[in-house]
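start.pdb (PDB, C-alpha atoms) appears below.
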```pdb
MODEL        1
ATOM      1  CA  MET G1185      -5.085 -52.809 -19.430
ATOM      2  CA  THR G1186      -4.980 -52.765 -23.223
ATOM      3  CA  ASP G1187      -7.753 -50.570 -24.623
ATOM      4  CA  ASN G1188      -7.634 -51.824 -28.216
ATOM      5  CA  ALA G1189      -9.313 -54.904 -29.666
ATOM      6  CA  ALA G1190     -10.765 -55.906 -33.034
ATOM      7  CA  GLY G1191      -9.426 -52.690 -34.563
ATOM      8  CA  ILE G1192     -11.433 -50.553 -32.116
ATOM      9  CA  ALA G1193      -9.827 -48.383 -29.458
ATOM     10  CA  VAL G1194     -11.451 -46.911 -26.389
ATOM     11  CA  PRO G1195     -11.391 -43.105 -26.764
ATOM     12  CA  ASP G1196      -8.219 -41.731 -25.221
ATOM     13  CA  THR G1197      -9.889 -38.822 -23.445
ATOM     14  CA  LYS G1198     -10.143 -37.602 -19.875
ATOM     15  CA  LEU G1199     -13.908 -38.152 -19.982
ATOM     16  CA  ALA G1200     -13.605 -41.781 -21.080
ATOM     17  CA  THR G1201     -10.874 -42.432 -18.511
ATOM     18  CA  ALA G1202     -13.008 -40.949 -15.734
ATOM     19  CA  ALA G1203     -15.978 -43.069 -16.815
ATOM     20  CA  THR G1204     -13.855 -46.209 -16.821
ATOM     21  CA  GLU G1205     -12.561 -45.537 -13.334
ATOM     22  CA  LEU G1206     -16.010 -44.713 -11.952
ATOM     23  CA  VAL G1207     -17.685 -47.829 -13.348
ATOM     24  CA  ARG G1208     -14.790 -50.105 -12.453
ATOM     25  CA  ASP G1209     -14.857 -48.801  -8.872
ATOM     26  CA  THR G1210     -18.628 -48.883  -8.329
ATOM     27  CA  THR G1211     -19.927 -51.954 -10.163
ATOM     28  CA  THR G1212     -19.211 -55.638 -10.097
ATOM     29  CA  GLU G1213     -16.592 -57.279 -12.266
ATOM     30  CA  LEU G1214     -19.459 -58.869 -14.226
ATOM     31  CA  ILE G1215     -21.072 -55.528 -15.109
ATOM     32  CA  TYR G1216     -17.735 -53.844 -15.796
ATOM     33  CA  HIS G1217     -16.649 -56.461 -18.349
ATOM     34  CA  HIS G1218     -20.126 -56.608 -19.894
ATOM     35  CA  SER G1219     -20.233 -52.824 -20.279
ATOM     36  CA  ARG G1220     -16.858 -52.736 -21.969
ATOM     37  CA  ARG G1221     -17.888 -55.485 -24.385
ATOM     38  CA  VAL G1222     -21.039 -53.527 -25.215
ATOM     39  CA  PHE G1223     -18.834 -50.666 -26.416
ATOM     40  CA  TRP G1224     -16.804 -52.922 -28.708
ATOM     41  CA  PHE G1225     -19.747 -54.862 -30.071
ATOM     42  CA  GLY G1226     -21.762 -51.675 -30.569
ATOM     43  CA  SER G1227     -18.846 -50.048 -32.380
ATOM     44  CA  LEU G1228     -18.414 -53.008 -34.722
ATOM     45  CA  GLN G1229     -22.117 -53.069 -35.463
ATOM     46  CA  GLY G1230     -21.899 -49.370 -36.204
ATOM     47  CA  GLN G1231     -19.192 -50.075 -38.755
ATOM     48  CA  ASN G1232     -21.273 -52.884 -40.224
ATOM     49  CA  ARG G1233     -24.246 -50.542 -40.595
ATOM     50  CA  GLY G1234     -22.220 -47.691 -42.050
ATOM     51  CA  LEU G1235     -23.126 -45.362 -39.196
ATOM     52  CA  SER G1236     -21.162 -42.274 -38.237
ATOM     53  CA  PHE G1237     -21.113 -42.050 -34.442
ATOM     54  CA  ASP G1238     -19.256 -40.346 -31.624
ATOM     55  CA  PRO G1239     -17.099 -43.078 -30.007
ATOM     56  CA  GLU G1240     -16.821 -41.168 -26.747
ATOM     57  CA  LEU G1241     -20.594 -40.845 -26.337
ATOM     58  CA  LEU G1242     -21.068 -44.489 -27.262
ATOM     59  CA  TYR G1243     -18.458 -45.448 -24.694
ATOM     60  CA  ILE G1244     -20.123 -43.442 -21.920
ATOM     61  CA  GLY G1245     -23.511 -44.937 -22.795
ATOM     62  CA  ALA G1246     -22.102 -48.441 -22.761
ATOM     63  CA  MET G1247     -20.244 -47.981 -19.492
ATOM     64  CA  PHE G1248     -23.173 -46.496 -17.580
ATOM     65  CA  HIS G1249     -26.049 -48.511 -19.047
ATOM     66  CA  ASP G1250     -26.319 -51.012 -16.167
ATOM     67  CA  LEU G1251     -25.184 -48.805 -13.296
ATOM     68  CA  GLY G1252     -28.776 -48.693 -12.030
ATOM     69  CA  LEU G1253     -28.518 -52.359 -11.039
ATOM     70  CA  ASN G1254     -26.219 -51.356  -8.175
ATOM     71  CA  GLN G1255     -27.330 -51.925  -4.593
ATOM     72  CA  GLU G1256     -28.033 -48.256  -3.898
ATOM     73  CA  PHE G1257     -30.761 -48.094  -6.558
ATOM     74  CA  ARG G1258     -32.739 -51.190  -5.568
ATOM     75  CA  THR G1259     -35.327 -49.224  -3.625
ATOM     76  CA  SER G1260     -35.560 -46.254  -5.991
ATOM     77  CA  ARG G1261     -38.960 -47.338  -7.354
ATOM     78  CA  ARG G1262     -37.801 -46.310 -10.837
ATOM     79  CA  ARG G1263     -36.735 -48.436 -13.782
ATOM     80  CA  PHE G1264     -33.069 -49.331 -13.446
ATOM     81  CA  GLU G1265     -32.525 -47.961 -16.945
ATOM     82  CA  VAL G1266     -33.633 -44.508 -15.753
ATOM     83  CA  ASP G1267     -31.401 -44.696 -12.686
ATOM     84  CA  SER G1268     -28.507 -45.623 -14.985
ATOM     85  CA  ALA G1269     -29.319 -42.811 -17.415
ATOM     86  CA  ASP G1270     -29.585 -40.238 -14.627
ATOM     87  CA  GLU G1271     -26.186 -41.248 -13.252
ATOM     88  CA  ALA G1272     -24.681 -40.797 -16.715
ATOM     89  CA  ARG G1273     -26.338 -37.395 -17.020
ATOM     90  CA  ARG G1274     -24.926 -36.251 -13.671
ATOM     91  CA  PHE G1275     -21.493 -37.457 -14.702
ATOM     92  CA  LEU G1276     -21.581 -35.722 -18.076
ATOM     93  CA  GLN G1277     -23.000 -32.460 -16.744
ATOM     94  CA  GLY G1278     -20.323 -32.493 -14.059
ATOM     95  CA  HIS G1279     -17.727 -32.572 -16.825
ATOM     96  CA  GLY G1280     -19.319 -29.731 -18.798
ATOM     97  CA  VAL G1281     -20.538 -31.854 -21.712
ATOM     98  CA  PRO G1282     -23.015 -30.061 -24.034
ATOM     99  CA  GLU G1283     -26.673 -30.797 -23.358
ATOM    100  CA  ASP G1284     -27.340 -32.357 -26.764
ATOM    101  CA  SER G1285     -24.642 -34.930 -26.077
ATOM    102  CA  VAL G1286     -26.002 -35.509 -22.577
ATOM    103  CA  ARG G1287     -29.455 -36.084 -24.066
ATOM    104  CA  ARG G1288     -28.137 -38.651 -26.524
ATOM    105  CA  VAL G1289     -26.417 -40.652 -23.821
ATOM    106  CA  TRP G1290     -29.419 -40.442 -21.490
ATOM    107  CA  THR G1291     -31.743 -41.648 -24.238
ATOM    108  CA  ALA G1292     -29.387 -44.444 -25.294
ATOM    109  CA  ILE G1293     -29.301 -45.827 -21.769
ATOM    110  CA  ALA G1294     -32.979 -45.302 -20.962
ATOM    111  CA  LEU G1295     -34.094 -47.148 -24.112
ATOM    112  CA  HIS G1296     -31.576 -49.995 -24.188
ATOM    113  CA  THR G1297     -34.171 -52.575 -23.096
ATOM    114  CA  THR G1298     -36.953 -51.196 -25.299
ATOM    115  CA  PRO G1299     -36.678 -53.098 -28.588
ATOM    116  CA  GLY G1300     -37.914 -51.733 -31.879
ATOM    117  CA  ILE G1301     -37.224 -48.029 -31.233
ATOM    118  CA  PRO G1302     -33.494 -47.269 -30.710
ATOM    119  CA  GLN G1303     -32.424 -48.378 -34.198
ATOM    120  CA  PHE G1304     -34.428 -45.471 -35.665
ATOM    121  CA  MET G1305     -32.760 -42.847 -33.478
ATOM    122  CA  GLU G1306     -29.317 -41.244 -33.347
ATOM    123  CA  PRO G1307     -26.430 -43.668 -33.978
ATOM    124  CA  GLU G1308     -25.209 -43.576 -30.378
ATOM    125  CA  VAL G1309     -28.705 -44.508 -29.183
ATOM    126  CA  ALA G1310     -28.981 -47.303 -31.719
ATOM    127  CA  LEU G1311     -25.544 -48.703 -30.996
ATOM    128  CA  VAL G1312     -25.758 -48.948 -27.216
ATOM    129  CA  THR G1313     -28.791 -51.157 -27.777
ATOM    130  CA  ALA G1314     -27.014 -53.059 -30.560
ATOM    131  CA  GLY G1315     -24.081 -53.766 -28.259
ATOM    132  CA  VAL G1316     -26.355 -54.919 -25.449
ATOM    133  CA  GLU G1317     -28.404 -57.094 -27.777
ATOM    134  CA  TYR G1318     -25.244 -58.670 -29.137
ATOM    135  CA  ASP G1319     -23.641 -59.431 -25.783
ATOM    136  CA  VAL G1320     -26.761 -60.485 -23.870
ATOM    137  CA  LEU G1321     -29.071 -61.920 -26.528
ATOM    138  CA  GLY G1322     -26.700 -62.865 -29.327
ATOM    139  CA  ILE G1323     -28.703 -60.818 -31.843
ATOM    140  CA  GLY G1324     -26.672 -60.457 -35.047
ATOM    141  CA  TYR G1325     -24.110 -62.949 -33.734
ATOM    142  CA  ASP G1326     -22.658 -63.696 -37.164
ATOM    143  CA  ASP G1327     -22.358 -59.999 -38.036
ATOM    144  CA  ILE G1328     -19.043 -59.964 -36.146
ATOM    145  CA  THR G1329     -16.214 -62.299 -37.068
ATOM    146  CA  ALA G1330     -15.055 -65.088 -34.792
ATOM    147  CA  ASP G1331     -11.604 -63.465 -34.603
ATOM    148  CA  ASP G1332     -13.065 -60.141 -33.452
ATOM    149  CA  ARG G1333     -15.302 -61.860 -30.906
ATOM    150  CA  ALA G1334     -12.304 -63.772 -29.584
ATOM    151  CA  ALA G1335     -10.191 -60.614 -29.281
ATOM    152  CA  ILE G1336     -12.911 -58.802 -27.338
ATOM    153  CA  THR G1337     -13.757 -61.686 -25.028
ATOM    154  CA  ALA G1338     -10.055 -62.321 -24.370
ATOM    155  CA  LEU G1339      -9.832 -58.754 -23.114
ATOM    156  CA  HIS G1340     -13.132 -58.947 -21.246
ATOM    157  CA  PRO G1341     -14.075 -62.581 -20.572
ATOM    158  CA  ARG G1342     -17.624 -63.799 -20.048
ATOM    159  CA  PRO G1343     -17.419 -66.954 -17.884
ATOM    160  CA  ASP G1344     -20.899 -68.385 -17.148
ATOM    161  CA  PHE G1345     -22.232 -65.056 -18.381
ATOM    162  CA  LYS G1346     -25.796 -66.109 -19.202
ATOM    163  CA  LYS G1347     -26.469 -67.364 -15.677
ATOM    164  CA  ARG G1348     -24.605 -64.536 -13.961
ATOM    165  CA  ILE G1349     -26.211 -61.678 -15.910
ATOM    166  CA  LEU G1350     -29.682 -63.077 -15.262
ATOM    167  CA  ALA G1351     -28.834 -63.213 -11.566
ATOM    168  CA  ALA G1352     -27.631 -59.605 -11.697
ATOM    169  CA  PHE G1353     -30.850 -58.501 -13.393
ATOM    170  CA  THR G1354     -32.922 -60.338 -10.785
ATOM    171  CA  GLU G1355     -31.017 -58.882  -7.836
ATOM    172  CA  GLY G1356     -31.199 -55.404  -9.319
ATOM    173  CA  ILE G1357     -34.970 -55.283  -9.845
ATOM    174  CA  ALA G1358     -36.562 -57.883  -7.515
ATOM    175  CA  ARG G1359     -37.405 -55.267  -4.874
ATOM    176  CA  LYS G1360     -39.154 -52.975  -7.381
ATOM    177  CA  PRO G1361     -41.270 -55.343  -9.491
ATOM    178  CA  ASP G1362     -43.678 -52.614 -10.617
ATOM    179  CA  THR G1363     -40.883 -51.115 -12.713
ATOM    180  CA  THR G1364     -40.985 -54.135 -15.042
ATOM    181  CA  PHE G1365     -44.518 -53.446 -16.303
ATOM    182  CA  GLY G1366     -44.462 -53.409 -20.088
ATOM    183  CA  ASN G1367     -40.765 -54.180 -20.509
ATOM    184  CA  VAL G1368     -38.521 -57.190 -20.995
ATOM    185  CA  LYS G1369     -37.401 -57.392 -17.367
ATOM    186  CA  ALA G1370     -40.832 -58.795 -16.444
ATOM    187  CA  ASP G1371     -39.593 -62.037 -18.001
ATOM    188  CA  VAL G1372     -36.654 -62.102 -15.597
ATOM    189  CA  LEU G1373     -38.838 -61.849 -12.498
ATOM    190  CA  ALA G1374     -41.333 -64.355 -13.908
ATOM    191  CA  HIS G1375     -38.514 -66.904 -14.159
ATOM    192  CA  PHE G1376     -36.604 -66.211 -10.955
ATOM    193  CA  VAL G1377     -38.863 -64.599  -8.320
ATOM    194  CA  PRO G1378     -41.447 -66.958  -6.796
ATOM    195  CA  GLY G1379     -44.908 -65.424  -6.583
ATOM    196  CA  TYR G1380     -44.206 -62.619  -9.033
ATOM    197  CA  ARG G1381     -47.248 -61.674 -11.117
ATOM    198  CA  ARG G1382     -46.565 -59.503 -14.118
ATOM    199  CA  GLY G1383     -48.703 -56.475 -14.832
ATOM    200  CA  ASP G1384     -51.371 -56.888 -17.492
ATOM    201  CA  PHE G1385     -52.150 -54.005 -19.835
ATOM    202  CA  VAL G1386     -55.657 -55.219 -20.628
ATOM    203  CA  GLU G1387     -56.510 -55.728 -16.959
ATOM    204  CA  THR G1388     -55.186 -52.257 -16.195
ATOM    205  CA  ILE G1389     -57.549 -50.733 -18.746
ATOM    206  CA  GLN G1390     -60.511 -52.802 -17.657
ATOM    207  CA  SER G1391     -60.062 -52.030 -13.971
ATOM    208  CA  SER G1392     -59.362 -48.309 -14.346
ATOM    209  CA  SER G1393     -61.530 -45.729 -12.570
ATOM    210  CA  TRP G1394     -63.359 -44.803 -15.756
ATOM    211  CA  PRO G1395     -67.024 -45.898 -15.408
ATOM    212  CA  GLU G1396     -67.774 -46.874 -19.001
TER     213      GLU G1396
ENDMDL
END
```

Show how you would write the structure in this file as structure tokens.
Amino acid sequence: MTDNAAGIAVPDTKLATAATELVRDTTTELIYHHSRRVFWFGSLQGQNRGLSFDPELLYIGAMFHDLGLNQEFRTSRRRFEVDSADEARRFLQGHGVPEDSVRRVWTAIALHTTPGIPQFMEPEVALVTAGVEYDVLGIGYDDITADDRAAITALHPRPDFKKRILAAFTEGIARKPDTTFGNVKADVLAHFVPGYRRGDFVETIQSSSWPE
């Protein structure tokens, strides 16, 4: 497979190759293609923002960010983002990556569905979120040229992506609804899981054990 599109190349390193193979072998075709697009879109947004970032760390963050949606994590009782981040940490530590780099990747993945914070952190953290927001939500759609979008989606197509990614989110978190409290995935369950009732911050305060 060609690893170059829109003037951006996937890092030609053993670490990046190992990450590609792991994610390709353990996730669905939908998540694999989405994760690769996140790398390209995040990289282009990094160029647009004049950010200096480590392409290898961005690539690892992009490739692992949705791994926690896999079947084996659906009863973990933790946010899928944390499961994804922990898998990336195990992978990086297993390859002897320095702890500061591990921390950046972990944080990038853990915060990728928490809007309003990542853009103020390290570039790799900001750009995993930027890539996700571009591919899933279309945020900053016109920041990337039509030619670059076409090159990336030719390499990693997105047929019926909106419907399919929502289904993947639902399947990944439906059995652990408490993990959606206070984050955007509550919207997914509210739309697609009959009987789901989202947590309420005010009700939680009012019904706490404190007597006053």

Checklist entry - Between G:Pro1299, G:Pro1282, G:Pro1343, G:Gly1356, which one has atoms that come closest to Val1312 in chain G, using all atoms listed in the file? => result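 Going through G:Pro1299, G:Pro1282, G:Pro1343, G:Gly1356 one by one, the smallest distance to Val1312 in chain G is for G:Pro1299.
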
Take the PyMOL selection byres ((chain G and resi 1305-1310) around 8), apply it to the structure above, and return the hits as a short mmCIF file (atom, residue, chain, number, x, y, z; two decimals) with C-alpha atoms, in the coordinates of the input.
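That gives us result.cif:
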```cif
data_model
loop_
_atom_site.label_atom_id
_atom_site.label_comp_id
_atom_site.auth_asym_id
_atom_site.auth_seq_id
_atom_site.Cartn_x
_atom_site.Cartn_y
_atom_site.Cartn_z
CA GLY G 1230 -21.90 -49.37 -36.20
CA LEU G 1235 -23.13 -45.36 -39.20
CA SER G 1236 -21.16 -42.27 -38.24
CA PHE G 1237 -21.11 -42.05 -34.44
CA ASP G 1238 -19.26 -40.35 -31.62
CA LEU G 1241 -20.59 -40.84 -26.34
CA LEU G 1242 -21.07 -44.49 -27.26
CA GLY G 1245 -23.51 -44.94 -22.80
CA ARG G 1288 -28.14 -38.65 -26.52
CA VAL G 1289 -26.42 -40.65 -23.82
CA THR G 1291 -31.74 -41.65 -24.24
CA ALA G 1292 -29.39 -44.44 -25.29
CA ILE G 1293 -29.30 -45.83 -21.77
CA LEU G 1295 -34.09 -47.15 -24.11
CA HIS G 1296 -31.58 -50.00 -24.19
CA ILE G 1301 -37.22 -48.03 -31.23
CA PRO G 1302 -33.49 -47.27 -30.71
CA GLN G 1303 -32.42 -48.38 -34.20
CA PHE G 1304 -34.43 -45.47 -35.66
CA LEU G 1311 -25.54 -48.70 -31.00
CA VAL G 1312 -25.76 -48.95 -27.22
CA THR G 1313 -28.79 -51.16 -27.78
CA ALA G 1314 -27.01 -53.06 -30.56
#
```

Next on the checklist: Could you list, as a list of chain:residue names, every residue matched by the PyMOL selection byres ((chain G and resi 1376-1380) around 10) in this structure?
Outcome noted: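 Selected by the PyMOL selection byres ((chain G and resi 1376-1380) around 10) in this file: G:Leu1350, G:Ala1351, G:Phe1353, G:Thr1354, G:Glu1355, G:Ala1358, G:Pro1361, G:Ala1370, G:Asp1371, G:Val1372, G:Leu1373, G:Ala1374, G:His1375, G:Arg1381, G:Arg1382, G:Gly1383.
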
Checklist entry - Quick one: which residues end up in the PyMOL selection byres ((chain G and resi 1256) around 12) for this structure, as a ChimeraX atom specification? => result /G:1210-1211,1251-1255,1257-1261,1264,1267-1268,1271,1355-1357,1359

Item to check | Given only C-alpha atoms as the counted atoms, nearest of G:Gly1300, G:Asn1188, G:Leu1199, G:Pro1341 to Gln1277 in chain G | outcome: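 Of G:Gly1300, G:Asn1188, G:Leu1199, G:Pro1341, the one nearest Gln1277 in chain G, counting only C-alpha atoms, is G:Leu1199.
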
Next on the checklist: Using Å and a single decimal, report how far CA of Leu1214 in chain G sits from CA of Asp1344 in chain G.
Outcome noted: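 Rounded to one decimal, the two atoms are 10.1 Å apart.
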
Checklist entry - Taking into account all atoms listed in the file, which residue in the set G:Leu1276, G:Ala1200, G:Ile1215, G:Ala1193 is nearest to Arg1348 in chain G? => result G:Ile1215

Checklist entry - Any idea what the distance is between CA of Thr1337 in chain G and CA of Arg1273 in chain G? => result 28.5 Å

Residues at most 7 Å from Ala1269 in chain G, counting only C-alpha atoms, excluding those fewer than 6 positions away in the same chain, as a compact mmCIF listing (two decimals) with C-alpha atoms, in the frame of the given file?
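Generated file (selection.txt):
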```txt
# COMPACT_ATOMS: atom_id res chain seq x y z
CA HIS G 1249 -26.05 -48.51 -19.05
CA TRP G 1290 -29.42 -40.44 -21.49
CA ILE G 1293 -29.30 -45.83 -21.77
CA ALA G 1294 -32.98 -45.30 -20.96
```

Checklist entry - Any idea what's packed within 9 Å of Val1320 in chain G, counting all atoms listed in the file, ignoring anything in its chain fewer than 5 positions away? Could you give it as a list of chain:residue names? => result G:His1218, G:Gly1315, G:Phe1345, G:Lys1346, G:Ile1349

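Taking CA of Ala1203 in chain G as the reference point, CA of Ala1352 in chain G is found at 20.9 Å.
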
Checklist entry - Looking at only C-alpha atoms, which of G:Met1247, G:Val1386, G:Val1281, G:Leu1228 is the one that sits closest to Tyr1325 in chain G? => result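 Ranking G:Met1247, G:Val1386, G:Val1281, G:Leu1228 by distance to Tyr1325 in chain G, first place goes to G:Leu1228.
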
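The closest residue to Ala1202 in chain G, picked from G:His1217, G:Lys1347, G:His1279, G:Arg1287 and counting all atoms listed in the file, is G:His1279.
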
Checklist outcome for this item: Of G:Asp1326, G:Asp1319, G:Phe1223, G:Val1368, the one sitting nearest Ala1190 in chain G when using only C-alpha atoms is G:Phe1223
